[in-house]
$ cat model_28.txt   # compact mmCIF, C-alpha atoms
# COMPACT_ATOMS: atom_id res chain seq x y z
CA MET A 188 -13.45 12.38 -14.01
CA THR A 189 -9.81 12.26 -15.08
CA THR A 190 -9.51 8.57 -15.84
CA THR A 191 -6.12 8.84 -17.54
CA GLU A 192 -4.63 10.09 -14.30
CA ASP A 193 -6.15 7.27 -12.33
CA THR A 194 -4.54 4.57 -14.46
CA LYS A 195 -1.18 6.31 -14.68
CA GLY A 196 -0.71 6.95 -11.01
CA SER A 197 -2.37 4.07 -9.21
CA GLN A 198 0.65 3.51 -6.94
CA GLU A 199 2.55 6.78 -6.90
CA THR A 200 1.15 10.16 -6.06
CA ARG A 201 -0.34 12.14 -8.92
CA ARG A 202 1.88 15.03 -9.84
CA GLY A 203 1.00 18.29 -11.48
CA SER A 204 2.90 21.22 -12.92
CA TYR A 205 2.42 24.28 -10.76
CA ILE A 206 2.76 27.50 -12.76
CA TYR A 207 4.11 30.65 -11.12
CA GLY A 208 4.25 32.93 -14.10
CA ILE A 209 5.38 33.55 -17.66
CA VAL A 210 8.65 35.16 -18.75
CA PRO A 211 10.35 35.79 -22.10
CA ALA A 212 12.20 32.71 -23.36
CA GLY A 213 15.91 32.64 -22.59
CA VAL A 214 15.93 34.71 -19.40
CA ARG A 215 17.81 33.47 -16.38
CA ILE A 216 15.85 33.16 -13.18
CA PRO A 217 17.66 33.80 -9.89
CA ASP A 218 19.32 30.87 -8.09
CA GLY A 219 18.42 29.67 -4.65
CA LEU A 220 14.67 30.32 -4.75
CA ASP A 221 12.47 28.05 -2.63
CA PRO A 222 9.52 26.77 -4.63
CA ILE A 223 6.25 25.47 -3.26
CA PRO A 224 6.98 22.14 -1.54
CA TYR A 225 6.10 19.09 -3.65
CA GLY A 226 4.40 17.29 -0.82
CA ASP A 227 6.63 16.37 2.05
CA GLN A 228 9.80 17.08 0.11
CA ASP A 229 11.09 20.29 -1.39
CA GLY A 230 10.18 21.01 -4.97
CA GLU A 231 12.46 22.27 -7.70
CA LEU A 232 11.92 25.25 -9.98
CA GLY A 233 12.10 24.81 -13.71
CA LEU A 234 11.30 26.56 -16.97
CA VAL A 235 9.11 25.21 -19.74
CA THR A 236 10.03 26.98 -22.97
CA GLU A 237 7.78 27.26 -26.00
CA GLY A 238 8.62 29.67 -28.80
CA ARG A 239 9.32 33.13 -27.41
CA LEU A 240 7.94 32.32 -23.97
CA ALA A 241 8.83 30.29 -20.92
CA ALA A 242 6.73 29.35 -17.91
CA VAL A 243 8.24 29.11 -14.44
CA VAL A 244 7.05 25.83 -12.94
CA SER A 245 7.64 23.27 -10.22
CA ASP A 246 6.09 19.88 -9.51
CA VAL A 247 3.45 19.60 -6.86
CA ALA A 248 1.66 16.55 -5.57
CA ALA A 249 -1.84 16.93 -6.94
CA ASP A 250 -3.44 15.19 -3.99
CA ARG A 251 -2.54 17.77 -1.42
CA ALA A 252 -4.34 21.04 -0.80
CA LEU A 253 -2.43 24.21 -1.54
CA GLY A 254 -2.52 27.30 0.58
CA THR A 255 -0.27 26.90 3.60
CA ARG A 256 1.61 29.97 4.64
CA ARG A 257 4.74 28.49 3.07
CA ASP A 258 2.93 27.83 -0.25
CA LEU A 259 1.62 31.36 -0.47
CA MET A 260 4.88 33.01 0.47
CA ALA A 261 6.79 30.80 -1.98
CA HIS A 262 4.52 31.75 -4.90
CA GLU A 263 5.02 35.42 -4.14
CA ALA A 264 8.74 35.21 -3.38
CA VAL A 265 9.55 33.36 -6.61
CA LEU A 266 7.66 35.91 -8.71
CA ASN A 267 9.07 38.94 -6.92
CA ALA A 268 12.63 37.66 -7.19
CA ILE A 269 12.20 37.20 -10.94
CA ALA A 270 10.51 40.59 -11.29
CA GLN A 271 13.60 42.40 -9.99
CA ASP A 272 15.23 42.20 -13.40
CA THR A 273 12.87 40.42 -15.79
CA PRO A 274 9.32 41.20 -16.85
CA VAL A 275 7.04 38.45 -15.59
CA LEU A 276 3.31 37.78 -15.92
CA PRO A 277 2.19 36.36 -12.59
CA MET A 278 -0.41 33.61 -12.47
CA ARG A 279 -2.99 33.74 -9.73
CA PHE A 280 -2.08 31.41 -6.87
CA GLY A 281 -3.04 27.77 -7.44
CA ALA A 282 -2.48 27.30 -11.19
CA VAL A 283 -1.81 23.60 -11.73
CA VAL A 284 -1.97 21.60 -14.98
CA THR A 285 -1.31 17.91 -15.58
CA ASP A 286 2.22 18.14 -16.97
CA ASP A 287 4.79 20.28 -18.76
CA ASP A 288 3.36 19.35 -22.17
CA ALA A 289 0.11 20.99 -21.14
CA VAL A 290 2.04 24.09 -20.01
CA ALA A 291 3.66 24.35 -23.45
CA GLU A 292 0.81 23.22 -25.68
CA GLU A 293 -2.26 24.56 -23.90
CA LEU A 294 -1.00 27.61 -22.06
CA LEU A 295 1.96 29.07 -23.97
CA ALA A 296 1.49 28.09 -27.61
CA PRO A 297 -2.13 29.14 -28.21
CA HIS A 298 -1.82 32.47 -26.36
CA GLN A 299 1.66 33.40 -27.52
CA ASP A 300 0.66 36.77 -29.00
CA TYR A 301 -1.13 38.02 -25.93
CA PHE A 302 1.66 36.96 -23.55
CA VAL A 303 4.42 38.40 -25.74
CA ARG A 304 2.58 41.72 -26.03
CA ALA A 305 1.89 41.85 -22.31
CA LEU A 306 5.54 41.14 -21.47
CA GLU A 307 6.66 43.86 -23.86
CA GLN A 308 4.41 46.32 -22.10
CA LEU A 309 5.83 45.41 -18.70
CA GLU A 310 9.46 45.52 -19.83
CA GLY A 311 11.33 48.18 -17.86
CA HIS A 312 8.56 48.66 -15.28
CA LEU A 313 8.24 47.69 -11.63
CA GLU A 314 5.25 47.53 -9.35
CA PHE A 315 5.35 49.08 -5.89
CA ARG A 316 2.69 49.05 -3.23
CA LEU A 317 2.31 51.69 -0.62
CA ARG A 318 0.50 50.87 2.59
CA GLY A 319 -0.03 53.06 5.57
CA ASP A 320 -1.55 52.60 9.00
CA TYR A 321 -2.83 55.35 11.24
CA ASP A 322 -1.36 55.96 14.63
CA GLN A 323 -4.65 55.46 16.42
CA ASP A 324 -4.24 58.06 19.15
CA ALA A 325 -3.01 60.66 16.69
CA VAL A 326 -5.85 60.08 14.26
CA LEU A 327 -8.53 60.00 16.98
CA GLY A 328 -7.17 63.23 18.43
CA ARG A 329 -7.32 64.84 15.04
CA ILE A 330 -10.85 63.64 14.39
CA LEU A 331 -12.00 64.91 17.78
CA GLU A 332 -10.41 68.27 17.25
CA ALA A 333 -12.03 68.68 13.87
CA ASP A 334 -15.56 67.66 14.83
CA PRO A 335 -17.42 69.29 17.71
CA ARG A 336 -20.26 66.80 17.29
CA ILE A 337 -17.89 63.93 18.06
CA GLN A 338 -16.45 65.84 21.01
CA GLN A 339 -19.93 66.14 22.39
CA MET A 340 -20.58 62.44 21.94
CA ARG A 341 -17.37 61.71 23.81
CA GLU A 342 -18.40 63.97 26.67
CA LYS A 343 -21.66 62.09 26.89
CA ILE A 344 -20.07 58.71 27.62
CA ALA A 345 -17.31 59.99 29.91
CA GLY A 346 -17.73 58.46 33.35
CA VAL A 347 -20.98 56.72 32.41
CA ASP A 348 -21.36 53.02 33.16
CA GLU A 349 -20.53 50.84 30.14
CA ASP A 350 -23.94 49.20 29.92
CA ALA A 351 -25.79 52.46 30.34
CA SER A 352 -23.75 54.14 27.61
CA TYR A 353 -23.76 51.14 25.23
CA TYR A 354 -25.73 52.77 22.40
CA ASP A 355 -23.99 56.10 22.84
CA ARG A 356 -20.66 54.29 22.53
CA ILE A 357 -21.76 52.63 19.32
CA ARG A 358 -22.90 55.97 17.94
CA LEU A 359 -19.59 57.58 18.87
CA GLY A 360 -17.59 54.71 17.35
CA GLU A 361 -19.64 54.81 14.18
CA ALA A 362 -19.15 58.56 13.81
CA ILE A 363 -15.39 58.05 14.26
CA SER A 364 -15.39 55.23 11.73
CA GLN A 365 -17.08 57.50 9.21
CA ALA A 366 -14.66 60.33 9.91
CA MET A 367 -11.79 57.88 9.32
CA ASP A 368 -13.27 56.84 5.98
CA LYS A 369 -13.31 60.45 4.93
CA LEU A 370 -9.74 60.90 6.11
CA ARG A 371 -8.74 57.80 4.11
CA GLU A 372 -10.14 59.33 0.95
CA GLU A 373 -8.22 62.54 1.55
CA ASP A 374 -5.01 60.72 2.35
CA ALA A 375 -5.30 58.47 -0.70
CA GLN A 376 -5.73 61.59 -2.81
CA ALA A 377 -2.67 63.14 -1.16
CA CYS A 378 -0.67 60.03 -2.14
CA VAL A 379 -1.90 60.29 -5.71
CA ASP A 380 -1.03 63.99 -5.83
CA ALA A 381 2.47 63.39 -4.47
CA LEU A 382 3.40 60.20 -6.30
CA ALA A 383 1.37 59.62 -9.45
CA LYS A 384 3.68 61.87 -11.48
CA PHE A 385 6.53 59.38 -10.94
CA ALA A 386 4.44 56.40 -12.07
CA VAL A 387 2.98 55.34 -15.39
CA ALA A 388 -0.10 53.94 -13.64
CA THR A 389 -1.59 54.36 -10.19
CA GLU A 390 -4.34 52.45 -8.48
CA VAL A 391 -6.04 53.32 -5.21
CA LYS A 392 -6.94 50.08 -3.47
CA GLU A 393 -9.20 49.03 -0.66
CA VAL A 394 -7.64 49.61 2.73
CA GLY A 395 -7.71 46.67 5.12
CA GLY A 396 -7.80 46.76 8.89
CA GLU A 397 -9.27 49.07 11.48
CA ASN A 398 -6.33 51.43 11.44
CA GLY A 399 -5.52 51.08 7.76
CA ALA A 400 -4.88 54.49 6.22
CA VAL A 401 -3.86 54.13 2.59
CA HIS A 402 -3.22 51.36 0.11
CA LEU A 403 -2.07 52.12 -3.42
CA ALA A 404 -0.29 50.33 -6.23
CA PHE A 405 2.07 52.05 -8.65
CA LEU A 406 3.65 50.93 -11.88
CA VAL A 407 6.98 52.72 -12.07
CA ARG A 408 9.52 52.92 -14.87
CA THR A 409 12.87 51.49 -13.80
CA ASP A 410 14.61 54.78 -14.57
CA HIS A 411 12.11 56.68 -12.40
CA ARG A 412 12.49 54.37 -9.46
CA SER A 413 14.82 56.54 -7.37
CA ASP A 414 12.67 59.65 -7.93
CA PHE A 415 9.60 57.70 -6.91
CA GLU A 416 11.25 56.28 -3.80
CA ARG A 417 12.51 59.72 -2.81
CA ALA A 418 9.00 61.14 -3.12
CA VAL A 419 7.67 58.30 -0.96
CA ASP A 420 10.32 59.06 1.67
CA ASP A 421 9.30 62.72 1.68
CA LEU A 422 5.66 61.80 2.13
CA GLY A 423 6.58 59.40 4.94
CA ASP A 424 8.51 62.18 6.67
CA SER A 425 5.68 64.66 6.39
CA TRP A 426 3.20 62.10 7.78
CA SER A 427 5.54 60.96 10.53
CA GLY A 428 3.70 60.32 13.81
CA ARG A 429 0.32 60.24 12.08
CA VAL A 430 0.61 57.56 9.40
CA GLU A 431 3.17 54.78 9.36
CA LEU A 432 3.95 54.18 5.68
CA ARG A 433 5.43 51.00 4.24
CA LEU A 434 6.71 50.65 0.71
CA ILE A 435 6.47 47.08 -0.58
CA GLY A 436 8.34 46.06 -3.66
CA PRO A 437 9.36 46.02 -6.31
CA THR A 438 6.94 43.15 -6.84
CA ALA A 439 5.69 41.37 -9.93
CA ALA A 440 3.13 43.57 -11.66
CA PHE A 441 0.05 41.86 -10.22
CA ASP A 442 -2.08 44.99 -10.43
CA PHE A 443 -1.16 46.13 -13.91
CA LEU A 444 -1.66 43.17 -16.19
CA PRO A 445 -3.06 44.03 -19.60
CA GLU A 446 -6.64 42.91 -20.10
CA PHE A 447 -7.00 39.49 -21.60
CA ASP A 448 -9.76 39.10 -24.15
CA ALA A 449 -11.22 35.64 -24.50
CA PRO A 450 -8.81 33.52 -26.52
CA ASP A 451 -9.36 33.00 -30.24
CA GLU A 452 -10.36 29.37 -30.26
CA ALA A 453 -8.90 28.86 -33.72
CA GLN A 454 -7.99 25.30 -32.94
CA ALA A 455 -11.39 24.45 -31.48
CA MET B 731 9.26 54.96 6.34
CA GLN B 732 9.75 51.23 6.20
CA LYS B 733 10.95 49.47 3.09
CA ASP B 734 9.95 45.91 2.63
CA PRO B 735 10.77 43.92 -0.49
CA GLN B 736 7.96 41.44 -0.11
CA GLY B 737 5.55 42.35 2.66
CA GLY B 738 3.93 40.05 5.18
CA LEU B 739 1.36 37.34 4.69
CA ALA B 740 -1.49 39.84 4.62
CA GLU B 741 0.06 41.70 1.70
CA VAL B 742 0.78 38.46 -0.08
CA LEU B 743 -2.78 37.18 0.26
CA ASP B 744 -4.16 40.38 -1.02
CA LEU B 745 -2.02 40.12 -4.13
CA ILE B 746 -1.90 36.53 -5.16
CA LEU B 747 -5.42 35.36 -4.36
CA ASP B 748 -7.18 38.18 -6.16
CA LYS B 749 -4.64 39.12 -8.79
CA GLY B 750 -2.65 37.49 -11.52
CA LEU B 751 -3.63 35.59 -14.62
CA VAL B 752 -6.33 33.03 -13.99
CA ILE B 753 -5.28 29.67 -15.39
CA ASP B 754 -8.87 28.70 -16.22
CA ALA B 755 -9.04 31.47 -18.79
CA PHE B 756 -6.25 29.84 -20.79
CA VAL B 757 -6.21 26.13 -20.09
CA LYS B 758 -9.32 23.98 -20.26
CA VAL B 759 -8.35 20.38 -20.91
CA SER B 760 -5.35 19.72 -18.69
CA LEU B 761 -6.38 21.69 -15.67
CA VAL B 762 -5.69 19.99 -12.36
CA GLY B 763 -8.35 21.03 -9.91
CA ILE B 764 -6.26 21.17 -6.82
CA GLU B 765 -7.87 22.09 -3.55
CA ILE B 766 -7.05 25.58 -2.33
CA LEU B 767 -7.33 26.01 1.40
CA THR B 768 -9.80 28.68 2.36
CA ILE B 769 -8.40 31.64 4.16
CA ASP B 770 -10.93 33.41 6.30
CA ALA B 771 -11.07 36.76 7.98
CA ARG B 772 -9.14 38.64 5.38
CA ILE B 773 -11.51 41.54 5.19
CA VAL B 774 -12.14 43.23 8.47
CA VAL B 775 -15.74 44.25 8.42
CA ALA B 776 -16.46 47.34 10.46
CA SER B 777 -18.88 46.21 13.08
CA VAL B 778 -20.29 47.04 16.42
CA ASP B 779 -17.09 45.65 17.96
CA THR B 780 -15.02 48.08 15.93
CA TYR B 781 -17.25 50.96 16.93
CA LEU B 782 -16.98 50.02 20.59
CA ARG B 783 -13.20 49.82 20.35
CA PHE B 784 -13.02 53.24 18.72
CA ALA B 785 -15.30 54.66 21.40
CA GLU B 786 -13.16 53.15 24.15
CA ALA B 787 -9.92 54.42 22.62
CA THR B 788 -11.45 57.87 22.23
CA ASN B 789 -12.70 57.83 25.77
CA ARG B 790 -9.20 56.98 27.03
CA LEU B 791 -7.52 59.58 24.87
CA ASP B 792 -5.71 62.19 26.90
CA LEU B 793 -6.08 65.30 24.84
CA HIS B 794 -4.01 67.45 27.16
CA ALA B 795 -1.02 65.14 26.83
CA LYS B 796 -1.22 65.60 23.06
CA GLY B 797 -1.42 69.34 23.44
CA GLY B 798 -5.04 69.44 22.42
CA LYS B 799 -7.54 72.05 23.57
CA ASP B 800 -9.62 71.64 26.65
CA LEU B 801 -12.86 70.16 25.43
CA SER B 802 -15.04 72.28 27.64
CA GLU B 803 -13.67 75.32 25.83
CA VAL B 804 -14.40 74.15 22.35
CA VAL B 805 -17.73 72.39 22.75
CA GLY B 806 -20.31 74.97 21.97
CA GLY B 807 -24.03 74.65 21.47
CA MET B 808 -24.24 71.97 18.79
CA THR B 809 -27.14 70.42 17.04
CA GLU B 810 -26.86 66.69 17.12
CA GLY B 811 -26.65 63.97 14.54
CA ALA B 812 -27.59 65.95 11.44
CA THR B 813 -25.35 64.07 9.00
CA GLU B 814 -25.60 60.59 10.43
CA GLY B 815 -28.08 58.96 8.08
CA GLY B 816 -26.47 59.59 4.72
CA ALA B 817 -22.95 58.73 5.76
CA LYS B 818 -24.08 55.53 7.41
CA GLY B 819 -25.65 54.25 4.21
CA LYS B 820 -22.47 54.87 2.30
CA THR B 821 -20.26 53.04 4.76
CA LYS B 822 -22.49 50.02 4.81
CA GLY B 823 -22.62 49.89 1.04
CA MET B 824 -18.85 49.83 0.79
CA LEU B 825 -18.52 47.03 3.27
CA ASP B 826 -21.13 44.94 1.55
CA ALA B 827 -19.32 45.39 -1.74
CA GLY B 828 -16.13 44.13 -0.13
CA LYS B 829 -17.84 41.09 1.20
CA GLU B 830 -19.51 40.33 -2.09
CA LYS B 831 -16.15 40.44 -3.82
CA TRP B 832 -14.74 38.01 -1.30
CA ASP B 833 -17.69 35.67 -1.74
CA GLU B 834 -17.16 35.81 -5.48
CA VAL B 835 -13.53 34.80 -5.07
CA ARG B 836 -14.55 31.92 -2.88
CA GLY B 837 -17.21 30.95 -5.36
CA GLU B 838 -14.68 30.78 -8.16
CA ARG B 839 -12.49 28.51 -6.14
CA GLN B 840 -15.40 26.26 -5.34
CA ASN B 841 -16.15 25.91 -9.04
CA ARG B 842 -12.57 25.08 -9.83
CA ARG B 843 -12.60 22.36 -7.26
CA GLU B 844 -15.59 20.68 -8.88
CA LYS B 845 -13.81 20.42 -12.18
CA ALA B 846 -11.28 17.97 -10.73
$ encode --input "model_28.txt" --output "structure tokens"
Amino acid sequence: MTTTEDTKGSQETRRGSYIYGIVPAGVRIPDGLDPIPYGDQDGELGLVTEGRLAAVVSDVAADRALGTRRDLMAHEAVLNAIAQDTPVLPMRFGAVVTDDDAVAEELLAPHQDYFVRALEQLEGHLEFRLRGDYDQDAVLGRILEADPRIQQMREKIAGVDEDASYYDRIRLGEAISQAMDKLREEDAQACVDALAKFAVATEVKEVGGENGAVHLAFLVRTDHRSDFERAVDDLGDSWSGRVELRLIGPTAAFDFLPEFDAPDEAQA
Amino acid sequence: MQKDPQGGLAEVLDLILDKGLVIDAFVKVSLVGIEILTIDARIVVASVDTYLRFAEATNRLDLHAKGGKDLSEVVGGMTEGATEGGAKGKTKGMLDAGKEKWDEVRGERQNRREKA
């Protein structure tokens, strides 16, 4: 029970400080960013500075649930805009503390060393994500061509009544699904082979969706960005018609945050 | 090749719900346990429906239009289903792992809510 809050805000709505991420103190954040709405009204972005660090915050009404499309997109858009020219440590969506004093005294001050070190490591780096989807007809054609067993299964259901071929259809679909998984592994490896040399870190991620082909994250040095993007373009050209690639970013470095060891509770 | 500075909602969800610094690891006293709306159906679990859709799409596929070989020429005498068992186990395992991870994420959020 948070009794202090109850007495303070009996009439007005409880407010909280929503934290987007942490930046080095003294950096300018871009103008014109839309923060997460306070409640019904628009919120306003601010910085809470403590020592060598600053947290990017806005007020939110603590009695409303977070997670509308607008909330989620705002969290991401604010962080990505900042990440274009400033290292930023993104918070996971939904970080709210009681007020700005708590941001300074409980978040920034006690963990100063870790945050400063992490920001130094990210300085001069950008995260990119590469996603690709299969052109379904192209990939099915390729799978069929490569696997006589699947061709045979296809023959078996051709012209057969849907109910009568139900289990054969499932078997065929399952075999195709497995062949696609294998293709995904190969294609992810091809991405690593083509692109990892332009990145300081590479992560192969779980692919979502039925036709999802590849999903990778890369941490790229700012001065290697154009080489990296050129290599992605080349890969996209060579996969044209088979895999539709999308390059997302640069984004805040969500996937490459330095490990955080449990805080030294010196003050506890 | 498409370039996209931010990505759509799906990309955003994938990033900001699973990634980033977790406030609970740093702040204990002044945490505001705000309710986070649950977002369902983020992980597409391969299922019978998926299999049936693949089968249908494959059945419809016009191989000649794509310049493929005539199937009757390439289908020889094949032995059936030799590799099915092992591969099936692997696929299932991966999907279960995905679901477990999602449940974990949901679990965390549930805990956070109780702290309010």
$ interface_residues --input "model_28.txt" --of "chain B" --to "chain A" --cutoff "6 Å" --atoms "all atoms listed in the file" --output "ChimeraX atom specification"
/B:731-737,746-747,749-753,756-757,760-762,765-767,774,781-782,784-785,805
$ atom_distance --input "model_28.txt" --atom1 "CA of Ser413 in chain A" --atom2 "CA of Glu390 in chain A"
19.6 Å
$ residues_around --input "model_28.txt" --residues "Asn398 in chain A" --least-positions-apart "3" --cutoff "8 Å" --atoms "all atoms listed in the file" --output "MDAnalysis selection string"
chainID A and resid 320:323
$ atom_distance --input "model_28.txt" --atom1 "CA of Asp221 in chain A" --atom2 "CA of Leu266 in chain A"
11.0 Å
$ atom_distance --input "model_28.txt" --atom1 "CA of Glu310 in chain A" --atom2 "CA of Ile223 in chain A"
26.2 Å
$ closest_residue --input "model_28.txt" --among "A:Arg215, A:Ala296, A:Val391, A:Val275" --to "Gln308 in chain A" --atoms "only C-alpha atoms"
A:Val275
$ build_atoms --input "model_28.txt" --residues "range 368-383 of chain A" --atoms "N, CA and C atoms" --output "PDB file, in the frame of the given file"
ATOM      1  N   ASP A 368     -13.081  57.119   7.411  1.00  0.00           N
ATOM      2  CA  ASP A 368     -13.270  56.840   5.980  1.00  0.00           C
ATOM      3  C   ASP A 368     -13.021  58.083   5.148  1.00  0.00           C
ATOM      4  N   LYS A 369     -13.497  59.204   5.649  1.00  0.00           N
ATOM      5  CA  LYS A 369     -13.310  60.450   4.930  1.00  0.00           C
ATOM      6  C   LYS A 369     -11.827  60.833   4.888  1.00  0.00           C
ATOM      7  N   LEU A 370     -11.173  60.630   6.017  1.00  0.00           N
ATOM      8  CA  LEU A 370      -9.740  60.900   6.110  1.00  0.00           C
ATOM      9  C   LEU A 370      -8.968  60.001   5.134  1.00  0.00           C
ATOM     10  N   ARG A 371      -9.403  58.751   5.021  1.00  0.00           N
ATOM     11  CA  ARG A 371      -8.740  57.800   4.110  1.00  0.00           C
ATOM     12  C   ARG A 371      -8.814  58.303   2.673  1.00  0.00           C
ATOM     13  N   GLU A 372      -9.989  58.798   2.313  1.00  0.00           N
ATOM     14  CA  GLU A 372     -10.140  59.330   0.950  1.00  0.00           C
ATOM     15  C   GLU A 372      -9.182  60.479   0.718  1.00  0.00           C
ATOM     16  N   GLU A 373      -9.106  61.385   1.697  1.00  0.00           N
ATOM     17  CA  GLU A 373      -8.220  62.540   1.550  1.00  0.00           C
ATOM     18  C   GLU A 373      -6.764  62.112   1.478  1.00  0.00           C
ATOM     19  N   ASP A 374      -6.407  61.147   2.317  1.00  0.00           N
ATOM     20  CA  ASP A 374      -5.010  60.720   2.350  1.00  0.00           C
ATOM     21  C   ASP A 374      -4.622  59.948   1.095  1.00  0.00           C
ATOM     22  N   ALA A 375      -5.567  59.162   0.568  1.00  0.00           N
ATOM     23  CA  ALA A 375      -5.300  58.470  -0.700  1.00  0.00           C
ATOM     24  C   ALA A 375      -5.068  59.490  -1.802  1.00  0.00           C
ATOM     25  N   GLN A 376      -5.890  60.544  -1.800  1.00  0.00           N
ATOM     26  CA  GLN A 376      -5.730  61.590  -2.810  1.00  0.00           C
ATOM     27  C   GLN A 376      -4.382  62.295  -2.654  1.00  0.00           C
ATOM     28  N   ALA A 377      -3.975  62.497  -1.418  1.00  0.00           N
ATOM     29  CA  ALA A 377      -2.670  63.140  -1.160  1.00  0.00           C
ATOM     30  C   ALA A 377      -1.537  62.269  -1.715  1.00  0.00           C
ATOM     31  N   CYS A 378      -1.680  60.948  -1.582  1.00  0.00           N
ATOM     32  CA  CYS A 378      -0.670  60.030  -2.140  1.00  0.00           C
ATOM     33  C   CYS A 378      -0.646  60.149  -3.661  1.00  0.00           C
ATOM     34  N   VAL A 379      -1.823  60.160  -4.250  1.00  0.00           N
ATOM     35  CA  VAL A 379      -1.900  60.290  -5.710  1.00  0.00           C
ATOM     36  C   VAL A 379      -1.246  61.596  -6.150  1.00  0.00           C
ATOM     37  N   ASP A 380      -1.586  62.687  -5.468  1.00  0.00           N
ATOM     38  CA  ASP A 380      -1.030  63.990  -5.830  1.00  0.00           C
ATOM     39  C   ASP A 380       0.502  64.005  -5.731  1.00  0.00           C
ATOM     40  N   ALA A 381       1.017  63.326  -4.700  1.00  0.00           N
ATOM     41  CA  ALA A 381       2.470  63.390  -4.470  1.00  0.00           C
ATOM     42  C   ALA A 381       3.248  62.416  -5.348  1.00  0.00           C
ATOM     43  N   LEU A 382       2.613  61.301  -5.716  1.00  0.00           N
ATOM     44  CA  LEU A 382       3.400  60.200  -6.300  1.00  0.00           C
ATOM     45  C   LEU A 382       3.039  59.825  -7.726  1.00  0.00           C
ATOM     46  N   ALA A 383       1.818  60.115  -8.143  1.00  0.00           N
ATOM     47  CA  ALA A 383       1.370  59.620  -9.450  1.00  0.00           C
ATOM     48  C   ALA A 383       2.253  60.135 -10.586  1.00  0.00           C
TER      49      ALA A 383
END
